[in-house]
file query-v7.tsv (TSV, C-alpha atoms)
chain	number	residue	atom	x	y	z
A	1	MET	CA	105.62	102.29	109.23
A	2	THR	CA	103.23	104.97	108.14
A	3	ALA	CA	100.49	107.18	109.37
A	4	GLU	CA	96.91	106.29	108.51
A	5	LEU	CA	95.77	107.24	105.05
A	6	SER	CA	92.45	108.79	104.20
A	7	GLY	CA	92.04	109.12	100.46
A	8	VAL	CA	95.68	110.20	100.04
A	9	GLY	CA	97.78	109.48	96.98
A	10	GLY	CA	95.11	107.48	95.15
A	11	PHE	CA	93.93	105.47	98.17
A	12	ASP	CA	90.19	105.86	98.50
A	13	PRO	CA	88.75	104.36	101.69
A	14	ASP	CA	85.36	104.04	100.06
A	15	GLY	CA	86.58	102.95	96.63
A	16	ALA	CA	87.07	99.57	95.06
A	17	GLY	CA	90.67	99.25	96.17
A	18	GLY	CA	90.24	100.64	99.68
A	19	VAL	CA	92.90	101.63	102.17
A	20	HIS	CA	95.44	98.89	102.68
A	21	PRO	CA	95.00	97.45	106.19
A	22	ALA	CA	98.71	97.87	106.89
A	23	LEU	CA	98.22	101.60	106.52
A	24	SER	CA	95.21	101.85	108.77
A	25	ARG	CA	96.95	100.04	111.62
A	26	ARG	CA	100.28	101.88	111.61
A	27	ARG	CA	100.11	105.34	113.10
A	28	GLY	CA	102.74	107.77	114.22
A	29	LEU	CA	105.93	105.73	114.01
A	30	GLY	CA	107.78	108.90	113.10
A	31	GLN	CA	111.08	109.49	111.37
A	32	THR	CA	112.26	105.90	111.52
A	33	SER	CA	109.17	104.93	109.54
A	34	ALA	CA	109.70	107.62	106.92
A	35	ARG	CA	113.35	106.68	106.41
A	36	SER	CA	112.53	102.97	106.26
A	37	LEU	CA	109.86	103.54	103.61
A	38	LEU	CA	112.24	105.79	101.70
A	39	LEU	CA	114.89	103.04	101.61
A	40	THR	CA	112.29	100.57	100.34
A	41	LEU	CA	111.26	103.05	97.65
A	42	LEU	CA	114.87	103.66	96.63
A	43	GLY	CA	115.63	99.96	96.49
A	44	GLU	CA	112.53	99.06	94.51
A	45	PHE	CA	112.48	101.84	91.91
A	46	VAL	CA	115.63	103.99	91.96
A	47	LEU	CA	118.26	101.25	92.28
A	48	PRO	CA	117.21	99.18	89.22
A	49	ARG	CA	117.04	102.25	86.97
A	50	ALA	CA	120.26	103.90	88.16
A	51	GLU	CA	118.83	107.34	87.36
A	52	PRO	CA	118.50	110.45	89.54
A	53	VAL	CA	115.06	111.42	90.80
A	54	TRP	CA	113.70	114.83	91.80
A	55	THR	CA	112.80	115.51	95.41
A	56	GLN	CA	109.16	116.12	94.59
A	57	VAL	CA	108.71	112.69	93.06
A	58	LEU	CA	109.94	111.03	96.25
A	59	ILE	CA	107.83	113.31	98.43
A	60	ASP	CA	104.70	112.67	96.35
A	61	VAL	CA	105.10	108.89	96.47
A	62	LEU	CA	105.82	108.93	100.19
A	63	ALA	CA	102.75	111.15	100.67
A	64	GLY	CA	100.73	108.36	99.10
A	65	LEU	CA	102.03	106.18	101.91
A	66	GLY	CA	101.01	108.60	104.62
A	67	VAL	CA	104.37	110.30	105.15
A	68	GLU	CA	104.17	114.07	105.69
A	69	PRO	CA	106.39	116.20	103.41
A	70	LYS	CA	108.41	117.46	106.37
A	71	SER	CA	109.12	113.89	107.49
A	72	ALA	CA	109.99	112.90	103.93
A	73	ARG	CA	112.52	115.72	103.64
A	74	GLN	CA	114.01	114.83	107.02
A	75	ALA	CA	114.33	111.20	105.91
A	76	LEU	CA	116.12	112.31	102.75
A	77	ALA	CA	118.48	114.50	104.75
A	78	ARG	CA	119.24	111.69	107.18
A	79	THR	CA	119.84	109.21	104.38
A	80	ALA	CA	122.19	111.68	102.70
A	81	ALA	CA	124.05	112.25	105.97
A	82	GLU	CA	124.63	108.50	106.15
A	83	GLY	CA	126.24	108.63	102.72
A	84	LEU	CA	123.60	106.56	100.93
A	85	VAL	CA	122.33	109.26	98.59
A	86	THR	CA	123.77	112.47	97.20
A	87	SER	CA	122.08	115.48	95.63
A	88	ASP	CA	122.68	118.10	92.97
A	89	ARG	CA	120.72	121.25	92.31
A	90	ALA	CA	119.19	122.68	89.14
A	91	GLY	CA	117.93	126.13	90.01
A	92	ARG	CA	115.58	125.71	92.94
A	93	ARG	CA	115.06	122.00	92.31
A	94	VAL	CA	117.08	119.17	93.85
A	95	ARG	CA	117.50	115.68	92.52
A	96	TRP	CA	118.93	112.64	94.24
A	97	ARG	CA	121.02	109.68	93.18
A	98	LEU	CA	122.36	106.69	95.05
A	99	THR	CA	126.00	106.74	96.10
A	100	ASP	CA	128.17	103.69	95.54
A	101	ALA	CA	127.67	102.81	99.19
A	102	GLY	CA	123.92	103.23	98.88
A	103	SER	CA	123.81	101.06	95.76
A	104	ARG	CA	125.82	98.33	97.49
A	105	LEU	CA	123.62	98.40	100.58
A	106	LEU	CA	120.38	98.25	98.60
A	107	SER	CA	121.73	95.64	96.19
A	108	ASP	CA	122.71	93.41	99.10
A	109	GLY	CA	119.27	93.94	100.62
A	110	ALA	CA	117.52	93.15	97.34
A	111	ALA	CA	119.51	89.96	96.94
A	112	ARG	CA	118.52	88.88	100.44
A	113	ILE	CA	114.86	89.86	100.00
A	114	TYR	CA	114.27	88.28	96.60
A	115	GLY	CA	116.45	85.27	97.28
A	116	PHE	CA	114.50	84.54	100.45
A	117	GLY	CA	111.50	82.28	100.88
A	118	GLY	CA	112.21	79.71	98.19
A	119	PRO	CA	111.57	75.97	98.52
A	120	ALA	CA	113.10	74.41	101.63
A	121	ARG	CA	116.45	72.82	100.92
A	122	GLU	CA	117.22	69.15	101.41
A	123	TRP	CA	118.84	68.47	104.79
A	124	ASP	CA	121.40	65.81	105.60
A	125	GLY	CA	120.68	65.98	109.34
A	126	ARG	CA	123.97	67.66	110.29
A	127	TRP	CA	124.29	70.69	112.56
A	128	LEU	CA	126.86	73.44	112.88
A	129	VAL	CA	127.41	74.18	116.58
A	130	LEU	CA	129.37	77.21	117.75
A	131	LEU	CA	130.68	77.73	121.28
A	132	VAL	CA	131.77	81.29	121.97
A	133	SER	CA	132.60	82.89	125.30
A	134	VAL	CA	132.10	86.64	125.66
A	135	PRO	CA	132.00	88.10	129.20
A	136	GLU	CA	128.76	89.82	130.21
A	137	THR	CA	130.78	92.94	130.94
A	138	ARG	CA	131.43	93.30	127.18
A	139	ARG	CA	127.81	93.98	126.35
A	140	ARG	CA	128.47	95.90	123.17
A	141	LEU	CA	130.53	93.03	121.75
A	142	ARG	CA	127.90	90.50	122.82
A	143	HIS	CA	125.24	92.55	121.05
A	144	ARG	CA	127.29	92.75	117.84
A	145	LEU	CA	127.92	89.01	117.92
A	146	ARG	CA	124.27	88.24	118.57
A	147	THR	CA	123.10	90.56	115.79
A	148	ARG	CA	125.46	89.18	113.17
A	149	LEU	CA	124.92	85.52	114.02
A	150	ALA	CA	121.15	85.98	114.06
A	151	TRP	CA	121.40	87.70	110.66
A	152	ALA	CA	123.25	84.60	109.44
A	153	GLY	CA	120.30	82.50	110.64
A	154	LEU	CA	121.88	80.96	113.73
A	155	GLY	CA	119.90	80.41	116.90
A	156	SER	CA	121.02	80.27	120.51
A	157	PRO	CA	119.45	77.59	122.75
A	158	ALA	CA	121.72	78.50	125.68
A	159	PRO	CA	124.19	81.27	126.58
A	160	GLY	CA	127.39	80.95	124.59
A	161	VAL	CA	125.92	78.29	122.26
A	162	TRP	CA	124.86	79.00	118.68
A	163	LEU	CA	123.72	76.54	116.06
A	164	SER	CA	122.44	76.12	112.53
A	165	PRO	CA	121.20	73.13	110.55
A	166	ASP	CA	123.28	74.43	107.64
A	167	PRO	CA	126.97	73.49	108.08
A	168	GLY	CA	127.67	75.40	104.87
A	169	LYS	CA	127.46	78.58	106.93
A	170	GLU	CA	130.68	77.76	108.76
A	171	ALA	CA	132.78	80.05	106.55
A	172	GLN	CA	130.35	82.94	107.03
A	173	VAL	CA	130.36	82.37	110.79
A	174	ALA	CA	134.15	82.18	110.81
A	175	ASP	CA	134.28	85.60	109.15
A	176	VAL	CA	132.03	87.03	111.87
A	177	VAL	CA	134.20	85.53	114.61
A	178	ALA	CA	137.37	86.85	112.98
A	179	ASP	CA	135.92	90.32	112.42
A	180	LEU	CA	135.03	90.54	116.11
A	181	ASP	CA	138.43	89.14	117.16
A	182	LEU	CA	136.87	86.20	118.98
A	183	ASP	CA	138.89	83.35	117.44
A	184	ALA	CA	140.65	82.57	120.70
A	185	VAL	CA	137.39	81.98	122.60
A	186	THR	CA	135.39	80.18	119.91
A	187	SER	CA	135.07	76.55	118.84
A	188	SER	CA	132.86	74.85	116.25
A	189	PHE	CA	131.53	71.36	115.70
A	190	ILE	CA	129.65	69.74	112.81
A	191	GLY	CA	127.64	66.55	113.09
A	192	PRO	CA	124.22	64.92	113.54
A	193	PHE	CA	122.02	65.23	116.60
A	194	GLY	CA	122.83	62.64	119.26
A	195	THR	CA	120.63	60.19	121.12
A	196	ILE	CA	120.20	62.39	124.20
A	197	GLY	CA	117.38	64.88	124.22
A	198	GLU	CA	114.88	65.93	121.55
A	199	GLN	CA	115.86	67.83	118.44
A	200	ALA	CA	112.49	69.62	118.38
A	201	GLU	CA	113.10	70.98	121.88
A	202	VAL	CA	116.48	72.40	120.89
A	203	VAL	CA	114.84	74.12	117.92
A	204	ARG	CA	112.18	75.56	120.23
A	205	GLN	CA	114.85	76.94	122.55
A	206	ALA	CA	117.00	78.35	119.75
A	207	TRP	CA	114.34	80.10	117.66
A	208	ASP	CA	110.97	81.67	118.39
A	209	LEU	CA	109.19	79.95	115.52
A	210	ASP	CA	105.78	80.69	117.04
A	211	GLY	CA	106.60	84.39	116.93
A	212	VAL	CA	107.88	84.17	113.36
A	213	GLU	CA	104.78	82.27	112.27
A	214	HIS	CA	102.59	84.92	113.88
A	215	GLU	CA	104.39	87.57	111.82
A	216	TYR	CA	103.75	85.52	108.68
A	217	GLU	CA	100.07	85.24	109.55
A	218	GLU	CA	99.95	89.02	110.01
A	219	PHE	CA	101.54	89.47	106.60
A	220	LEU	CA	99.00	87.14	105.00
A	221	ALA	CA	96.13	88.98	106.68
A	222	GLU	CA	97.44	92.37	105.53
A	223	PHE	CA	97.59	91.30	101.91
A	224	ALA	CA	94.71	88.82	101.80
A	225	ASP	CA	92.31	91.14	99.96
A	226	ALA	CA	94.72	93.64	98.44
A	227	ASP	CA	93.29	94.72	95.09
A	228	PRO	CA	94.63	98.14	94.01
A	229	ARG	CA	92.88	99.59	90.99
A	230	THR	CA	94.67	102.82	90.06
A	231	PRO	CA	98.34	103.13	89.04
A	232	ALA	CA	99.07	105.15	92.19
A	233	ASP	CA	97.40	102.46	94.29
A	234	VAL	CA	99.49	99.74	92.68
A	235	LEU	CA	102.74	101.60	93.25
A	236	SER	CA	101.90	102.26	96.89
A	237	HIS	CA	100.85	98.67	97.48
A	238	GLN	CA	104.07	97.44	95.86
A	239	VAL	CA	106.16	99.55	98.21
A	240	LEU	CA	104.18	98.30	101.21
A	241	LEU	CA	104.47	94.70	100.04
A	242	VAL	CA	108.26	94.84	99.79
A	243	HIS	CA	108.47	96.91	102.96
A	244	ALA	CA	106.49	94.29	104.90
A	245	TRP	CA	108.40	91.35	103.41
A	246	ARG	CA	111.90	92.73	103.91
A	247	ARG	CA	111.83	92.05	107.65
A	248	PHE	CA	111.48	88.28	107.24
A	249	PRO	CA	115.09	87.54	106.28
A	250	PHE	CA	115.95	88.97	109.71
A	251	LEU	CA	113.30	86.91	111.51
A	252	ASP	CA	113.16	83.56	109.76
A	253	PRO	CA	116.23	81.27	109.99
A	254	GLU	CA	114.92	79.26	106.99
A	255	LEU	CA	115.10	75.89	108.69
A	256	PRO	CA	114.72	72.66	106.73
A	257	ARG	CA	111.17	71.36	106.47
A	258	GLU	CA	111.97	68.55	108.93
A	259	LEU	CA	112.42	71.15	111.69
A	260	LEU	CA	109.40	73.33	110.88
A	261	PRO	CA	105.87	73.08	112.27
A	262	GLU	CA	103.32	71.36	110.08
A	263	HIS	CA	101.55	73.74	107.65
A	264	TRP	CA	104.24	76.39	108.17
A	265	ALA	CA	102.76	79.81	107.39
A	266	GLY	CA	106.03	80.98	105.86
A	267	THR	CA	105.42	78.79	102.83
A	268	ARG	CA	102.05	80.40	102.13
A	269	ALA	CA	103.42	83.88	102.84
A	270	ALA	CA	106.32	83.42	100.41
A	271	ALA	CA	103.92	82.26	97.69
A	272	ARG	CA	101.68	85.28	98.31
A	273	PHE	CA	104.61	87.69	98.18
A	274	THR	CA	105.88	86.21	94.92
A	275	GLU	CA	102.41	86.28	93.38
A	276	LEU	CA	101.63	89.88	94.30
A	277	HIS	CA	105.09	91.22	93.49
A	278	ALA	CA	104.92	89.69	90.01
A	279	ARG	CA	101.39	91.03	89.49
A	280	TRP	CA	102.18	94.57	90.58
A	281	ALA	CA	105.76	95.02	89.36
A	282	GLY	CA	104.86	96.02	85.78
A	283	PRO	CA	102.10	98.55	86.55
A	284	ALA	CA	104.02	99.99	89.52
A	285	GLY	CA	107.18	100.40	87.45
A	286	ALA	CA	105.25	102.01	84.60
A	287	HIS	CA	103.64	104.51	86.97
A	288	TRP	CA	107.01	105.33	88.53
A	289	THR	CA	108.45	105.94	85.07
A	290	SER	CA	105.57	108.26	84.24
A	291	LEU	CA	106.05	110.21	87.48
A	292	VAL	CA	109.74	110.67	86.76
A	293	ALA	CA	109.06	111.68	83.15
A	294	ARG	CA	106.43	114.25	84.17
A	295	SER	CA	108.86	115.74	86.68
A	296	GLU	CA	111.47	116.57	84.03

call {"tool": "encode", "arguments": {"input": "query-v7.tsv", "output": "structure tokens"}}
result
Amino acid sequence: MTAELSGVGGFDPDGAGGVHPALSRRRGLGQTSARSLLLTLLGEFVLPRAEPVWTQVLIDVLAGLGVEPKSARQALARTAAEGLVTSDRAGRRVRWRLTDAGSRLLSDGAARIYGFGGPAREWDGRWLVLLVSVPETRRRLRHRLRTRLAWAGLGSPAPGVWLSPDPGKEAQVADVVADLDLDAVTSSFIGPFGTIGEQAEVVRQAWDLDGVEHEYEEFLAEFADADPRTPADVLSHQVLLVHAWRRFPFLDPELPRELLPEHWAGTRAAARFTELHARWAGPAGAHWTSLVARSE
């Protein structure tokens, strides 16, 4: 995500707060990292306030996260080229605001991020099973189908088979199938698991829960001792917290507790995210407001 920090932007490696471990382990991930951090920053601070922000404010905050000014400017330019932000000039200064498309994208992302990780829902034992046949020669279509169904939380225990323990997702899945023009080669079933085979084995084949749990453990380790002391530290930690958490809606299918391993790390990780976000949101927002005010 970011280059290593060394006393940059309020992070003091020898101070009380210390460099966040996520920063010290993530070197040289380049432009993708800068743009990804920029989107997190825009979603966390620019979107809720619906106000333009000067280039220098964004560059300064990203510098506190280890992003070089050149990379920050390139990330801004790329994000503008994608139609997510637009700029206007006042003399030699440039300020940025979200476009309608950018606001929609970040609003959808925020809803997914902050609506994720709540208490496991009650499960009635029914499954949604999808059978879809896409020839291997149509690799691009197969990739699009796989990406969209995985985003919806479905897993695939075998080629052409997708499933979810949430039958309520059938309408969402039907939209995906229709959008990709696969209605003629797709069928769905809803019902309980039968007497043949083991439900736990199907879950193991459909989702890499060990890998997801490892990611949760990494998240918990990164934020185990996080204790920012200065306003700049708090803002940077808040960005990193959201940035680290936002990947989990893509990774975790949010299975019912009956299908999860005992002592599932995702439960502890969600509690830690909620705790830290609530603790840091006020001070981070206040510091952002002060940065924007000083830039005027």

call {"tool": "axis_aligned_box", "arguments": {"input": "query-v7.tsv", "around": "region 219-228 of chain A", "padding_each_side": "3 Å", "output": "lines of an AutoDock Vina configuration file"}}
result
center_x = 96.9
center_y = 92.6
center_z = 100.3
size_x = 15.2
size_y = 17.0
size_z = 18.7

call {"tool": "residues_around", "arguments": {"input": "query-v7.tsv", "residues": "Leu131 (chain A)", "least_positions_apart": "3", "cutoff": "8 Å", "atoms": "only C-alpha atoms", "output": "number ranges by chain"}}
result
A: 160-162, 186-188

call {"tool": "residues_around", "arguments": {"input": "query-v7.tsv", "residues": "Ala75 (chain A)", "least_positions_apart": "2", "cutoff": "7 Å", "atoms": "only C-alpha atoms", "output": "ChimeraX atom specification"}}
result
/A:31,34-35,71-73,77-79

call {"tool": "atom_distance", "arguments": {"input": "query-v7.tsv", "atom1": "CA of Gln74 (chain A)", "atom2": "CA of Leu47 (chain A)"}}
result
20.5 Å

call {"tool": "atom_distance", "arguments": {"input": "query-v7.tsv", "atom1": "CA of Val57 (chain A)", "atom2": "CA of Trp280 (chain A)"}}
result
19.4 Å

call {"tool": "residues_around", "arguments": {"input": "query-v7.tsv", "residues": "Leu58 (chain A)", "least_positions_apart": "2", "cutoff": "12 Å", "atoms": "only C-alpha atoms", "output": "PyMOL selection string"}}
result
chain A and resi 34-35+37-42+45-46+52-56+60-65+67-69+71-73+75-76+94-97+236+288+291-292+295

call {"tool": "write_last_selection", "arguments": {"input": "query-v7.tsv", "atoms": "C-alpha atoms", "output": "PDB file, in the frame of the given file"}}
result
ATOM      1  CA  ALA A  34     109.700 107.620 106.920  1.00  0.00           C
ATOM      2  CA  ARG A  35     113.350 106.680 106.410  1.00  0.00           C
ATOM      3  CA  LEU A  37     109.860 103.540 103.610  1.00  0.00           C
ATOM      4  CA  LEU A  38     112.240 105.790 101.700  1.00  0.00           C
ATOM      5  CA  LEU A  39     114.890 103.040 101.610  1.00  0.00           C
ATOM      6  CA  THR A  40     112.290 100.570 100.340  1.00  0.00           C
ATOM      7  CA  LEU A  41     111.260 103.050  97.650  1.00  0.00           C
ATOM      8  CA  LEU A  42     114.870 103.660  96.630  1.00  0.00           C
ATOM      9  CA  PHE A  45     112.480 101.840  91.910  1.00  0.00           C
ATOM     10  CA  VAL A  46     115.630 103.990  91.960  1.00  0.00           C
ATOM     11  CA  PRO A  52     118.500 110.450  89.540  1.00  0.00           C
ATOM     12  CA  VAL A  53     115.060 111.420  90.800  1.00  0.00           C
ATOM     13  CA  TRP A  54     113.700 114.830  91.800  1.00  0.00           C
ATOM     14  CA  THR A  55     112.800 115.510  95.410  1.00  0.00           C
ATOM     15  CA  GLN A  56     109.160 116.120  94.590  1.00  0.00           C
ATOM     16  CA  ASP A  60     104.700 112.670  96.350  1.00  0.00           C
ATOM     17  CA  VAL A  61     105.100 108.890  96.470  1.00  0.00           C
ATOM     18  CA  LEU A  62     105.820 108.930 100.190  1.00  0.00           C
ATOM     19  CA  ALA A  63     102.750 111.150 100.670  1.00  0.00           C
ATOM     20  CA  GLY A  64     100.730 108.360  99.100  1.00  0.00           C
ATOM     21  CA  LEU A  65     102.030 106.180 101.910  1.00  0.00           C
ATOM     22  CA  VAL A  67     104.370 110.300 105.150  1.00  0.00           C
ATOM     23  CA  GLU A  68     104.170 114.070 105.690  1.00  0.00           C
ATOM     24  CA  PRO A  69     106.390 116.200 103.410  1.00  0.00           C
ATOM     25  CA  SER A  71     109.120 113.890 107.490  1.00  0.00           C
ATOM     26  CA  ALA A  72     109.990 112.900 103.930  1.00  0.00           C
ATOM     27  CA  ARG A  73     112.520 115.720 103.640  1.00  0.00           C
ATOM     28  CA  ALA A  75     114.330 111.200 105.910  1.00  0.00           C
ATOM     29  CA  LEU A  76     116.120 112.310 102.750  1.00  0.00           C
ATOM     30  CA  VAL A  94     117.080 119.170  93.850  1.00  0.00           C
ATOM     31  CA  ARG A  95     117.500 115.680  92.520  1.00  0.00           C
ATOM     32  CA  TRP A  96     118.930 112.640  94.240  1.00  0.00           C
ATOM     33  CA  ARG A  97     121.020 109.680  93.180  1.00  0.00           C
ATOM     34  CA  SER A 236     101.900 102.260  96.890  1.00  0.00           C
ATOM     35  CA  TRP A 288     107.010 105.330  88.530  1.00  0.00           C
ATOM     36  CA  LEU A 291     106.050 110.210  87.480  1.00  0.00           C
ATOM     37  CA  VAL A 292     109.740 110.670  86.760  1.00  0.00           C
ATOM     38  CA  SER A 295     108.860 115.740  86.680  1.00  0.00           C
TER      39      SER A 295
END

call {"tool": "closest_residue", "arguments": {"input": "query-v7.tsv", "among": "A:Ser103, A:Val234, A:Leu259, A:Ala120", "to": "Glu201 (chain A)", "atoms": "all atoms listed in the file"}}
result
A:Leu259

call {"tool": "atom_distance", "arguments": {"input": "query-v7.tsv", "atom1": "CA of Gly118 (chain A)", "atom2": "CA of Asp233 (chain A)"}}
result
27.4 Å
